[in-house]
Amino acid sequence: MDEPGKRPSVNPLDKLIGLARRGGTIRLKGLNDRQFTAVSAGLGLVLAAGVVLAAGPWDSGQRKAETDWAAARSGTGGAHHEPAGPDTAPSAPPVLAALSAAVDNSAPDARTAPDGAAAALRTALGPLLKDPALGTRPAGVVIDTASGERLYGQGAGAPMTPASTVKIATAVAALSALGPDHRIPTTVRASADLRGIVLVGGGDPTLDKAALRRMATDTARALKERGVDEVRLGYDTSRYSGPARHPIGPNENIAPVSALMTDEGRLDSTDSGPAPRSDDPARDTARTFARFLDDAGVATGADPKPGRPATGSRKVAEHRSAPLSSLVERALTNSDNDIAEALARQTALATGEPADFDGGRRAVTARLRTLHLPLTGANFADGSGLNRKDKVTAGLLAGLLARAADPDHPELRPVLTGLPVAGFSGTLSDRFTGKSAGTGLIRAKTGTLTGVNTLAGTVVDRKGRLLAFAFLASGTTSPSEAQSALDTLATTLGTIR
(Lines give C-alpha, C1' and ligand atoms only; values in the text may rest on other atoms or scores of the structure.)
Protein backbone atom coordinates (compact mmCIF):
# COMPACT_ATOMS: atom_id res chain seq x y z
CA MET A 1 0.00 0.00 0.00
CA ASP A 2 1.09 3.57 -0.65
CA GLU A 3 0.60 4.73 2.95
CA PRO A 4 0.20 2.84 6.23
CA GLY A 5 -3.39 2.78 7.37
CA LYS A 6 -2.46 4.35 10.71
CA ARG A 7 0.32 6.88 10.66
CA PRO A 8 0.97 9.30 13.48
CA SER A 9 1.97 12.71 12.26
CA VAL A 10 2.09 14.90 15.34
CA ASN A 11 5.49 16.31 16.27
CA PRO A 12 5.38 18.08 19.65
CA LEU A 13 8.93 19.31 19.18
CA ASP A 14 7.86 21.81 16.53
CA LYS A 15 5.31 23.38 18.91
CA LEU A 16 7.02 23.10 22.25
CA ILE A 17 10.57 23.97 21.23
CA GLY A 18 9.34 26.96 19.25
CA LEU A 19 7.80 28.66 22.32
CA ALA A 20 11.00 30.38 23.52
CA ARG A 21 14.72 29.86 23.95
CA ARG A 22 17.45 31.88 25.65
CA GLY A 23 21.03 30.90 26.44
CA GLY A 24 20.67 27.29 25.28
CA THR A 25 17.64 26.60 27.57
CA ILE A 26 14.01 26.37 26.46
CA ARG A 27 11.68 28.64 28.45
CA LEU A 28 8.03 29.63 28.49
CA LYS A 29 8.19 33.40 28.94
CA GLY A 30 6.02 35.33 31.35
CA LEU A 31 4.24 32.36 32.89
CA ASN A 32 4.08 31.39 36.52
CA ASP A 33 4.06 27.73 37.52
CA ARG A 34 0.30 27.30 37.36
CA GLN A 35 0.05 29.03 34.02
CA PHE A 36 2.96 26.96 32.72
CA THR A 37 1.20 23.75 33.73
CA ALA A 38 -2.06 24.81 32.12
CA VAL A 39 -0.41 25.87 28.88
CA SER A 40 1.71 22.73 28.71
CA ALA A 41 -1.27 20.48 29.31
CA GLY A 42 -3.33 22.34 26.72
CA LEU A 43 -0.58 22.08 24.14
CA GLY A 44 -0.13 18.41 24.80
CA LEU A 45 -3.84 17.66 24.48
CA VAL A 46 -4.16 19.66 21.26
CA LEU A 47 -1.12 17.96 19.79
CA ALA A 48 -2.18 14.49 20.78
CA ALA A 49 -5.76 14.98 19.56
CA GLY A 50 -4.37 15.31 16.05
CA VAL A 51 -2.72 11.92 16.12
CA VAL A 52 -4.36 9.19 14.08
CA LEU A 53 -5.20 6.56 16.68
CA ALA A 54 -3.46 3.26 16.04
CA ALA A 55 -4.83 -0.03 17.23
CA GLY A 56 -2.87 -2.06 19.74
CA PRO A 57 -1.39 -2.83 22.09
CA TRP A 58 0.90 -5.62 21.02
CA ASP A 59 2.74 -6.03 24.27
CA SER A 60 0.09 -8.23 25.84
CA GLY A 61 0.32 -10.33 22.72
CA GLN A 62 4.04 -10.68 23.25
CA ARG A 63 3.36 -12.13 26.67
CA LYS A 64 0.85 -14.53 25.08
CA ALA A 65 3.33 -15.48 22.37
CA GLU A 66 5.99 -16.26 24.93
CA THR A 67 3.52 -18.37 26.93
CA ASP A 68 2.61 -20.32 23.81
CA TRP A 69 6.29 -20.82 23.02
CA ALA A 70 7.02 -22.09 26.52
CA ALA A 71 4.06 -24.46 26.35
CA ALA A 72 5.22 -25.81 23.01
CA ARG A 73 8.70 -26.48 24.38
CA SER A 74 7.35 -28.33 27.36
CA GLY A 75 4.81 -30.31 25.17
CA THR A 76 21.34 5.31 4.01
CA GLY A 77 22.77 2.78 1.80
CA GLY A 78 19.39 2.33 0.15
CA ALA A 79 19.01 2.78 -3.57
CA HIS A 80 15.27 3.34 -3.67
CA HIS A 81 14.57 7.00 -2.95
CA GLU A 82 12.07 9.28 -4.64
CA PRO A 83 11.48 13.00 -4.19
CA ALA A 84 7.78 12.59 -4.89
CA GLY A 85 5.12 10.73 -2.95
CA PRO A 86 3.95 10.87 0.65
CA ASP A 87 5.71 13.40 2.82
CA THR A 88 8.32 12.16 5.24
CA ALA A 89 8.04 12.65 8.98
CA PRO A 90 8.24 16.26 10.14
CA SER A 91 11.55 17.30 11.64
CA ALA A 92 12.20 19.35 14.72
CA PRO A 93 13.73 22.75 14.00
CA PRO A 94 17.47 22.93 14.67
CA VAL A 95 17.26 24.79 17.95
CA LEU A 96 18.61 22.11 20.28
CA ALA A 97 22.31 22.18 20.96
CA ALA A 98 24.05 19.25 19.30
CA LEU A 99 24.87 16.25 21.44
CA SER A 100 28.60 16.12 21.99
CA ALA A 101 30.23 12.97 20.71
CA ALA A 102 32.40 13.15 23.80
CA VAL A 103 29.44 12.85 26.14
CA ASP A 104 29.40 9.44 27.79
CA ASN A 105 25.78 8.67 28.55
CA SER A 106 26.84 5.57 30.45
CA ALA A 107 28.82 7.64 33.00
CA PRO A 108 27.48 8.40 36.52
CA ASP A 109 24.64 10.88 36.56
CA ALA A 110 25.50 14.56 36.70
CA ARG A 111 25.59 16.18 40.14
CA THR A 112 26.62 19.69 39.13
CA ALA A 113 23.82 20.84 36.81
CA PRO A 114 23.61 24.62 37.30
CA ASP A 115 19.88 24.58 38.08
CA GLY A 116 19.99 21.64 40.49
CA ALA A 117 18.06 19.42 38.08
CA ALA A 118 20.12 16.32 38.85
CA ALA A 119 19.56 16.66 42.59
CA ALA A 120 15.83 17.17 42.09
CA LEU A 121 15.61 14.09 39.91
CA ARG A 122 17.50 11.97 42.42
CA THR A 123 15.15 13.09 45.17
CA ALA A 124 12.01 12.43 43.11
CA LEU A 125 12.93 9.31 41.13
CA GLY A 126 15.01 7.39 43.66
CA PRO A 127 12.10 6.40 45.91
CA LEU A 128 9.85 5.65 42.92
CA LEU A 129 12.37 3.18 41.50
CA LYS A 130 12.19 1.28 44.79
CA ASP A 131 8.53 0.44 44.18
CA PRO A 132 8.19 -3.37 44.60
CA ALA A 133 6.02 -3.39 41.47
CA LEU A 134 9.22 -2.78 39.45
CA GLY A 135 10.57 -6.16 40.45
CA THR A 136 14.02 -7.14 41.52
CA ARG A 137 16.09 -5.14 39.07
CA PRO A 138 14.89 -1.66 38.07
CA ALA A 139 17.01 0.80 36.11
CA GLY A 140 16.50 4.33 34.88
CA VAL A 141 18.26 7.07 32.93
CA VAL A 142 17.24 10.66 32.12
CA ILE A 143 19.11 12.81 29.57
CA ASP A 144 18.72 16.50 28.75
CA THR A 145 18.58 16.27 24.95
CA ALA A 146 19.77 19.85 24.41
CA SER A 147 23.10 19.37 26.18
CA GLY A 148 23.49 15.61 26.05
CA GLU A 149 24.03 15.65 29.81
CA ARG A 150 22.72 12.74 31.79
CA LEU A 151 20.75 14.17 34.67
CA TYR A 152 19.90 10.89 36.38
CA GLY A 153 21.04 7.29 36.32
CA GLN A 154 20.40 4.15 38.32
CA GLY A 155 21.66 0.86 36.93
CA ALA A 156 22.37 2.80 33.77
CA GLY A 157 25.01 0.42 32.43
CA ALA A 158 23.36 -2.89 33.32
CA PRO A 159 22.33 -4.93 30.24
CA MET A 160 18.66 -5.90 30.60
CA THR A 161 15.93 -7.46 28.48
CA PRO A 162 14.19 -4.53 26.76
CA ALA A 163 11.16 -6.30 25.22
CA SER A 164 9.60 -4.04 22.56
CA THR A 165 11.62 -0.96 23.45
CA VAL A 166 14.41 -2.57 21.40
CA LYS A 167 12.41 -1.37 18.39
CA ILE A 168 13.87 2.08 19.11
CA ALA A 169 17.34 0.72 18.36
CA THR A 170 16.09 -1.09 15.25
CA ALA A 171 14.46 2.09 13.96
CA VAL A 172 17.50 4.28 14.60
CA ALA A 173 19.78 1.81 12.81
CA ALA A 174 17.47 1.55 9.79
CA LEU A 175 17.05 5.31 9.41
CA SER A 176 20.79 5.80 9.83
CA ALA A 177 21.62 3.20 7.18
CA LEU A 178 18.89 3.94 4.62
CA GLY A 179 17.50 7.41 5.28
CA PRO A 180 13.87 8.37 5.91
CA ASP A 181 12.94 8.53 2.20
CA HIS A 182 13.93 4.97 1.36
CA ARG A 183 11.16 2.82 -0.14
CA ILE A 184 11.12 -0.95 -0.37
CA PRO A 185 10.35 -2.22 -3.90
CA THR A 186 8.28 -5.19 -5.01
CA THR A 187 8.70 -5.91 -8.72
CA VAL A 188 7.51 -8.13 -11.54
CA ARG A 189 10.11 -9.27 -14.05
CA ALA A 190 9.40 -10.95 -17.37
CA SER A 191 11.65 -13.26 -19.37
CA ALA A 192 12.90 -12.16 -22.78
CA ASP A 193 10.09 -14.03 -24.57
CA LEU A 194 7.53 -12.79 -22.02
CA ARG A 195 6.35 -16.34 -21.40
CA GLY A 196 7.63 -16.45 -17.84
CA ILE A 197 7.20 -13.83 -15.13
CA VAL A 198 8.45 -13.68 -11.55
CA LEU A 199 7.02 -11.71 -8.63
CA VAL A 200 10.12 -10.49 -6.76
CA GLY A 201 9.84 -9.63 -3.08
CA GLY A 202 11.93 -6.77 -1.73
CA GLY A 203 10.95 -7.16 1.91
CA ASP A 204 7.92 -4.87 2.24
CA PRO A 205 5.63 -6.36 4.92
CA THR A 206 2.99 -3.68 4.27
CA LEU A 207 2.36 -4.66 0.64
CA ASP A 208 -1.42 -4.94 0.31
CA LYS A 209 -3.89 -6.47 -2.12
CA ALA A 210 -4.66 -3.14 -3.78
CA ALA A 211 -0.99 -2.73 -4.69
CA LEU A 212 -0.84 -6.33 -5.93
CA ARG A 213 -3.86 -5.71 -8.16
CA ARG A 214 -2.28 -2.59 -9.66
CA MET A 215 0.91 -4.52 -10.35
CA ALA A 216 -1.10 -7.30 -11.99
CA THR A 217 -2.93 -4.77 -14.17
CA ASP A 218 0.35 -3.17 -15.26
CA THR A 219 1.86 -6.59 -15.94
CA ALA A 220 -1.13 -7.73 -18.01
CA ARG A 221 -1.03 -4.53 -20.05
CA ALA A 222 2.66 -4.98 -20.86
CA LEU A 223 2.14 -8.63 -21.84
CA LYS A 224 -0.96 -8.12 -23.96
CA GLU A 225 0.72 -5.32 -25.88
CA ARG A 226 3.07 -8.06 -27.11
CA GLY A 227 0.26 -10.50 -27.76
CA VAL A 228 0.86 -12.66 -24.67
CA ASP A 229 -2.13 -13.81 -22.65
CA GLU A 230 -0.71 -16.86 -20.85
CA VAL A 231 2.42 -17.11 -18.70
CA ARG A 232 4.24 -19.22 -16.14
CA LEU A 233 4.32 -17.46 -12.77
CA GLY A 234 7.08 -17.77 -10.20
CA TYR A 235 7.93 -15.89 -7.02
CA ASP A 236 11.30 -14.89 -5.62
CA THR A 237 12.05 -14.55 -1.88
CA SER A 238 15.84 -14.75 -2.19
CA ARG A 239 16.44 -11.21 -0.92
CA TYR A 240 16.07 -12.58 2.62
CA SER A 241 18.02 -15.56 3.93
CA GLY A 242 18.16 -17.65 7.08
CA PRO A 243 15.20 -19.08 9.03
CA ALA A 244 11.83 -17.47 8.39
CA ARG A 245 10.41 -18.42 11.77
CA HIS A 246 11.16 -16.25 14.76
CA PRO A 247 12.82 -18.29 17.56
CA ILE A 248 9.74 -17.79 19.73
CA GLY A 249 7.85 -20.01 17.28
CA PRO A 250 4.55 -19.73 15.38
CA ASN A 251 2.15 -17.28 17.00
CA GLU A 252 -0.30 -14.52 16.23
CA ASN A 253 2.14 -11.67 16.85
CA ILE A 254 4.52 -12.22 13.97
CA ALA A 255 4.36 -13.94 10.59
CA PRO A 256 7.22 -15.95 9.12
CA VAL A 257 9.77 -13.35 8.04
CA SER A 258 9.73 -13.30 4.24
CA ALA A 259 10.86 -10.91 1.52
CA LEU A 260 7.42 -11.36 -0.07
CA MET A 261 4.21 -11.06 1.90
CA THR A 262 0.86 -9.30 1.84
CA ASP A 263 -0.59 -7.44 4.83
CA GLU A 264 2.06 -8.90 7.17
CA GLY A 265 0.73 -12.39 6.49
CA ARG A 266 -2.54 -11.58 8.27
CA LEU A 267 -5.50 -13.81 7.53
CA ASP A 268 -8.11 -11.36 8.81
CA SER A 269 -8.94 -7.71 8.12
CA THR A 270 -6.81 -6.21 10.93
CA ASP A 271 -3.74 -4.07 10.33
CA SER A 272 -2.26 -4.15 13.83
CA GLY A 273 -2.21 -6.35 16.90
CA PRO A 274 -2.35 -10.14 17.14
CA ALA A 275 -4.00 -11.97 14.23
CA PRO A 276 -4.08 -15.40 12.58
CA ARG A 277 -1.04 -15.64 10.28
CA SER A 278 -0.20 -17.42 7.05
CA ASP A 279 2.23 -20.32 7.29
CA ASP A 280 3.69 -19.34 3.90
CA PRO A 281 3.12 -15.63 3.19
CA ALA A 282 5.12 -15.66 -0.06
CA ARG A 283 3.16 -18.51 -1.65
CA ASP A 284 -0.15 -16.97 -0.59
CA THR A 285 0.90 -13.61 -2.04
CA ALA A 286 1.88 -15.23 -5.36
CA ARG A 287 -1.46 -17.03 -5.53
CA THR A 288 -3.32 -13.78 -4.93
CA PHE A 289 -1.26 -12.11 -7.66
CA ALA A 290 -2.12 -14.98 -10.02
CA ARG A 291 -5.84 -14.41 -9.43
CA PHE A 292 -5.43 -10.72 -10.20
CA LEU A 293 -3.58 -11.57 -13.41
CA ASP A 294 -6.40 -13.87 -14.42
CA ASP A 295 -8.87 -11.05 -13.74
CA ALA A 296 -6.77 -8.81 -16.00
CA GLY A 297 -6.91 -11.32 -18.84
CA VAL A 298 -3.61 -13.20 -18.46
CA ALA A 299 -3.81 -16.88 -17.50
CA THR A 300 -1.16 -18.41 -15.26
CA GLY A 301 -2.17 -22.06 -15.41
CA ALA A 302 -0.27 -24.04 -12.77
CA ASP A 303 0.27 -23.02 -9.17
CA PRO A 304 3.08 -20.42 -8.79
CA LYS A 305 6.49 -21.91 -8.04
CA PRO A 306 9.47 -20.47 -6.15
CA GLY A 307 12.22 -19.29 -8.47
CA ARG A 308 14.35 -16.40 -9.64
CA PRO A 309 13.97 -14.24 -12.76
CA ALA A 310 15.59 -15.57 -15.88
CA THR A 311 18.79 -14.06 -17.20
CA GLY A 312 17.95 -11.09 -19.40
CA SER A 313 14.58 -10.49 -17.76
CA ARG A 314 13.13 -7.00 -17.62
CA LYS A 315 10.92 -5.16 -15.14
CA VAL A 316 7.30 -4.81 -16.21
CA ALA A 317 5.70 -3.62 -12.96
CA GLU A 318 6.76 -2.21 -9.61
CA HIS A 319 5.32 -1.05 -6.30
CA ARG A 320 7.27 0.85 -3.67
CA SER A 321 6.38 0.98 0.00
CA ALA A 322 5.62 4.09 1.97
CA PRO A 323 8.81 5.96 2.97
CA LEU A 324 10.91 4.39 5.71
CA SER A 325 9.94 7.29 7.97
CA SER A 326 6.31 6.13 7.80
CA LEU A 327 7.22 2.50 8.39
CA VAL A 328 9.27 3.48 11.45
CA GLU A 329 6.41 5.54 12.87
CA ARG A 330 3.97 2.68 12.36
CA ALA A 331 6.35 0.15 13.88
CA LEU A 332 6.81 2.24 17.02
CA THR A 333 3.23 3.41 17.49
CA ASN A 334 1.68 -0.04 17.06
CA SER A 335 4.69 -2.00 18.34
CA ASP A 336 4.56 -3.77 14.98
CA ASN A 337 6.80 -6.84 15.09
CA ASP A 338 6.65 -7.62 11.35
CA ILE A 339 7.78 -4.14 10.32
CA ALA A 340 10.49 -4.16 12.99
CA GLU A 341 11.96 -7.42 11.66
CA ALA A 342 11.82 -6.03 8.14
CA LEU A 343 13.68 -2.90 9.27
CA ALA A 344 16.46 -5.03 10.76
CA ARG A 345 16.83 -6.98 7.50
CA GLN A 346 16.76 -3.87 5.36
CA THR A 347 19.55 -2.50 7.54
CA ALA A 348 21.49 -5.72 7.01
CA LEU A 349 21.10 -5.45 3.22
CA ALA A 350 22.22 -1.82 3.25
CA THR A 351 25.39 -2.70 5.15
CA GLY A 352 26.35 -5.81 3.19
CA GLU A 353 25.18 -8.36 5.76
CA PRO A 354 22.95 -11.38 5.07
CA ALA A 355 19.29 -10.52 5.59
CA ASP A 356 18.67 -12.88 8.50
CA PHE A 357 18.55 -12.64 12.29
CA ASP A 358 22.34 -12.80 12.69
CA GLY A 359 22.95 -10.34 9.88
CA GLY A 360 20.42 -7.95 11.37
CA ARG A 361 22.15 -8.16 14.75
CA ARG A 362 25.55 -7.30 13.27
CA ALA A 363 24.15 -4.53 11.07
CA VAL A 364 22.18 -2.82 13.82
CA THR A 365 25.17 -2.96 16.16
CA ALA A 366 27.47 -1.49 13.51
CA ARG A 367 25.12 1.37 12.66
CA LEU A 368 24.63 2.33 16.31
CA ARG A 369 28.38 2.26 16.84
CA THR A 370 28.77 4.97 14.19
CA LEU A 371 26.48 7.17 16.31
CA HIS A 372 28.86 6.92 19.29
CA LEU A 373 26.35 5.32 21.62
CA PRO A 374 27.17 3.16 24.68
CA LEU A 375 26.93 -0.41 23.36
CA THR A 376 28.64 -2.33 26.16
CA GLY A 377 26.61 -5.47 26.83
CA ALA A 378 24.14 -4.80 24.00
CA ASN A 379 22.79 -7.71 21.96
CA PHE A 380 20.19 -7.34 19.20
CA ALA A 381 19.00 -10.91 18.74
CA ASP A 382 16.02 -9.70 16.72
CA GLY A 383 14.47 -6.44 15.58
CA SER A 384 11.17 -6.72 17.42
CA GLY A 385 12.02 -7.47 21.03
CA LEU A 386 10.23 -10.82 21.16
CA ASN A 387 13.53 -12.58 21.82
CA ARG A 388 14.64 -12.67 25.46
CA LYS A 389 18.27 -12.73 24.29
CA ASP A 390 17.95 -9.04 23.39
CA LYS A 391 19.95 -6.97 25.86
CA VAL A 392 20.31 -3.21 26.14
CA THR A 393 21.04 -0.72 28.91
CA ALA A 394 18.87 2.12 30.10
CA GLY A 395 21.74 4.39 29.11
CA LEU A 396 21.61 3.14 25.53
CA LEU A 397 17.84 3.52 25.16
CA ALA A 398 17.84 7.06 26.52
CA GLY A 399 20.90 7.84 24.40
CA LEU A 400 19.13 6.63 21.27
CA LEU A 401 16.23 8.99 21.92
CA ALA A 402 18.59 11.87 22.68
CA ARG A 403 20.42 11.22 19.42
CA ALA A 404 17.09 11.25 17.56
CA ALA A 405 16.54 14.79 18.92
CA ASP A 406 20.00 15.91 17.78
CA PRO A 407 19.69 18.57 15.02
CA ASP A 408 22.76 17.02 13.41
CA HIS A 409 20.70 13.88 12.77
CA PRO A 410 17.36 14.98 11.26
CA GLU A 411 17.11 11.60 9.52
CA LEU A 412 16.35 10.07 12.94
CA ARG A 413 13.42 12.34 13.78
CA PRO A 414 10.73 9.73 12.89
CA VAL A 415 11.85 7.83 16.01
CA LEU A 416 10.42 10.69 18.09
CA THR A 417 7.34 11.36 15.98
CA GLY A 418 6.50 7.66 15.99
CA LEU A 419 6.40 7.28 19.77
CA PRO A 420 2.88 6.62 21.11
CA VAL A 421 1.21 9.57 22.85
CA ALA A 422 0.14 8.96 26.45
CA GLY A 423 -3.58 8.31 26.68
CA PHE A 424 -4.14 8.81 22.96
CA SER A 425 -2.39 6.49 20.52
CA GLY A 426 -0.89 3.07 19.95
CA THR A 427 0.28 1.07 22.93
CA LEU A 428 -0.26 4.05 25.26
CA SER A 429 -3.88 4.60 24.24
CA ASP A 430 -5.15 2.82 27.35
CA ARG A 431 -2.53 4.21 29.76
CA PHE A 432 -2.16 7.63 31.41
CA THR A 433 -5.94 7.95 31.34
CA GLY A 434 -8.27 9.79 33.69
CA LYS A 435 -6.60 12.62 35.60
CA SER A 436 -2.98 11.66 34.88
CA ALA A 437 -0.74 14.70 34.47
CA GLY A 438 1.15 12.79 31.76
CA THR A 439 -1.80 12.45 29.38
CA GLY A 440 -0.96 14.02 26.04
CA LEU A 441 2.47 15.17 27.19
CA ILE A 442 4.48 11.96 27.36
CA ARG A 443 5.53 10.09 24.23
CA ALA A 444 7.03 6.68 24.88
CA LYS A 445 7.62 3.18 23.56
CA THR A 446 6.33 0.38 25.73
CA GLY A 447 7.80 -3.06 26.31
CA THR A 448 6.26 -6.11 27.94
CA LEU A 449 7.27 -9.75 28.29
CA THR A 450 6.63 -12.10 31.18
CA GLY A 451 8.49 -10.56 34.12
CA VAL A 452 9.75 -7.63 32.02
CA ASN A 453 8.23 -4.16 31.75
CA THR A 454 9.91 -1.17 30.11
CA LEU A 455 9.12 2.38 29.03
CA ALA A 456 11.35 4.75 27.04
CA GLY A 457 10.46 8.09 25.55
CA THR A 458 10.44 11.87 25.87
CA VAL A 459 8.74 14.54 27.97
CA VAL A 460 9.06 18.30 28.30
CA ASP A 461 9.70 19.21 31.94
CA ARG A 462 8.57 22.25 33.93
CA LYS A 463 11.69 24.14 32.87
CA GLY A 464 10.89 23.58 29.20
CA ARG A 465 13.61 21.03 28.56
CA LEU A 466 13.04 18.05 26.33
CA LEU A 467 14.11 15.04 28.39
CA ALA A 468 14.79 11.57 27.04
CA PHE A 469 14.17 8.79 29.53
CA ALA A 470 14.36 5.02 29.81
CA PHE A 471 13.00 2.93 32.68
CA LEU A 472 13.52 -0.85 32.67
CA ALA A 473 12.17 -3.38 35.17
CA SER A 474 12.99 -7.06 35.46
CA GLY A 475 11.52 -9.68 37.74
CA THR A 476 8.08 -8.06 37.80
CA THR A 477 5.09 -10.15 38.88
CA SER A 478 2.14 -7.92 37.95
CA PRO A 479 2.19 -6.30 34.49
CA SER A 480 -0.52 -3.80 35.39
CA GLU A 481 1.20 -2.69 38.60
CA ALA A 482 4.57 -2.47 36.86
CA GLN A 483 3.09 -0.38 34.04
CA SER A 484 1.47 1.95 36.56
CA ALA A 485 4.81 2.39 38.37
CA LEU A 486 6.57 3.15 35.08
CA ASP A 487 3.87 5.64 34.11
CA THR A 488 4.32 7.38 37.45
CA LEU A 489 8.06 7.70 36.84
CA ALA A 490 7.51 9.27 33.42
CA THR A 491 4.81 11.60 34.70
CA THR A 492 7.04 12.75 37.55
CA LEU A 493 9.68 13.88 35.06
CA GLY A 494 7.21 16.35 33.61
CA THR A 495 6.04 17.73 36.93
CA ILE A 496 9.22 18.22 38.98
CA ARG A 497 9.70 21.91 39.78
# chains A, B, ... in the order shown; residues from 1 in each chain; ligands from 1

$ residues_around --residues "Arg213 in chain A" --least-positions-apart "3" --cutoff "10 Å" --atoms "only C-alpha atoms" --output "list in words"
Asp208, Lys209, Ala210, Ala216, Thr217, Asp218, Thr219, Thr288, Phe289, Ala290, Arg291, Phe292, Leu293, Asp295 and Ala296 of chain A

$ select_by_dssp --residues "range 153-209 of chain A" --states "alpha helix (DSSP H)" --output "PyMOL selection string"
chain A and resi 166-178+209

$ residues_around --residues "range 179-193 of chain A" --least-positions-apart "3" --cutoff "6 Å" --atoms "only C-alpha atoms" --output "PyMOL selection string"
chain A and resi 76+80-81+175-176+196-202+204+310+313-321+323-325+411

$ residues_around --residues "Thr495 in chain A" --least-positions-apart "2" --cutoff "9 Å" --atoms "only C-alpha atoms" --output "NGL selection string"
:A and (37 or 437-438 or 461-462 or 491-493 or 497)

$ write_last_selection --atoms "N, CA, C and O atoms" --output "PDB file, in the first residue's frame"
ATOM      1  N   THR A  37       1.827  25.075  33.739  1.00  0.00           N
ATOM      2  CA  THR A  37       1.202  23.746  33.727  1.00  0.00           C
ATOM      3  C   THR A  37      -0.018  23.727  32.827  1.00  0.00           C
ATOM      4  O   THR A  37      -0.234  22.806  32.040  1.00  0.00           O
ATOM      5  N   ALA A 437      -1.405  13.486  34.962  1.00  0.00           N
ATOM      6  CA  ALA A 437      -0.741  14.698  34.470  1.00  0.00           C
ATOM      7  C   ALA A 437       0.099  14.418  33.224  1.00  0.00           C
ATOM      8  O   ALA A 437       0.521  15.348  32.538  1.00  0.00           O
ATOM      9  N   GLY A 438       0.340  13.124  32.925  1.00  0.00           N
ATOM     10  CA  GLY A 438       1.148  12.791  31.758  1.00  0.00           C
ATOM     11  C   GLY A 438       0.360  12.656  30.477  1.00  0.00           C
ATOM     12  O   GLY A 438       0.938  12.569  29.387  1.00  0.00           O
ATOM     13  N   ASP A 461       9.854  18.989  30.507  1.00  0.00           N
ATOM     14  CA  ASP A 461       9.699  19.209  31.944  1.00  0.00           C
ATOM     15  C   ASP A 461       9.226  20.630  32.241  1.00  0.00           C
ATOM     16  O   ASP A 461       8.988  21.436  31.329  1.00  0.00           O
ATOM     17  N   ARG A 462       9.100  20.958  33.534  1.00  0.00           N
ATOM     18  CA  ARG A 462       8.566  22.250  33.934  1.00  0.00           C
ATOM     19  C   ARG A 462       9.495  23.404  33.575  1.00  0.00           C
ATOM     20  O   ARG A 462       9.074  24.561  33.575  1.00  0.00           O
ATOM     21  N   THR A 491       5.599  10.420  34.364  1.00  0.00           N
ATOM     22  CA  THR A 491       4.807  11.596  34.704  1.00  0.00           C
ATOM     23  C   THR A 491       5.561  12.527  35.638  1.00  0.00           C
ATOM     24  O   THR A 491       5.524  13.754  35.489  1.00  0.00           O
ATOM     25  N   THR A 492       6.269  11.947  36.596  1.00  0.00           N
ATOM     26  CA  THR A 492       7.036  12.745  37.547  1.00  0.00           C
ATOM     27  C   THR A 492       8.074  13.614  36.852  1.00  0.00           C
ATOM     28  O   THR A 492       8.316  14.760  37.262  1.00  0.00           O
ATOM     29  N   LEU A 493       8.678  13.102  35.789  1.00  0.00           N
ATOM     30  CA  LEU A 493       9.681  13.879  35.058  1.00  0.00           C
ATOM     31  C   LEU A 493       9.087  15.188  34.550  1.00  0.00           C
ATOM     32  O   LEU A 493       9.785  16.206  34.479  1.00  0.00           O
ATOM     33  N   ARG A 497       9.451  20.464  39.869  1.00  0.00           N
ATOM     34  CA  ARG A 497       9.702  21.913  39.778  1.00  0.00           C
ATOM     35  C   ARG A 497      11.186  22.196  39.597  1.00  0.00           C
ATOM     36  O   ARG A 497      12.003  21.490  40.120  1.00  0.00           O
TER      37      ARG A 497
END
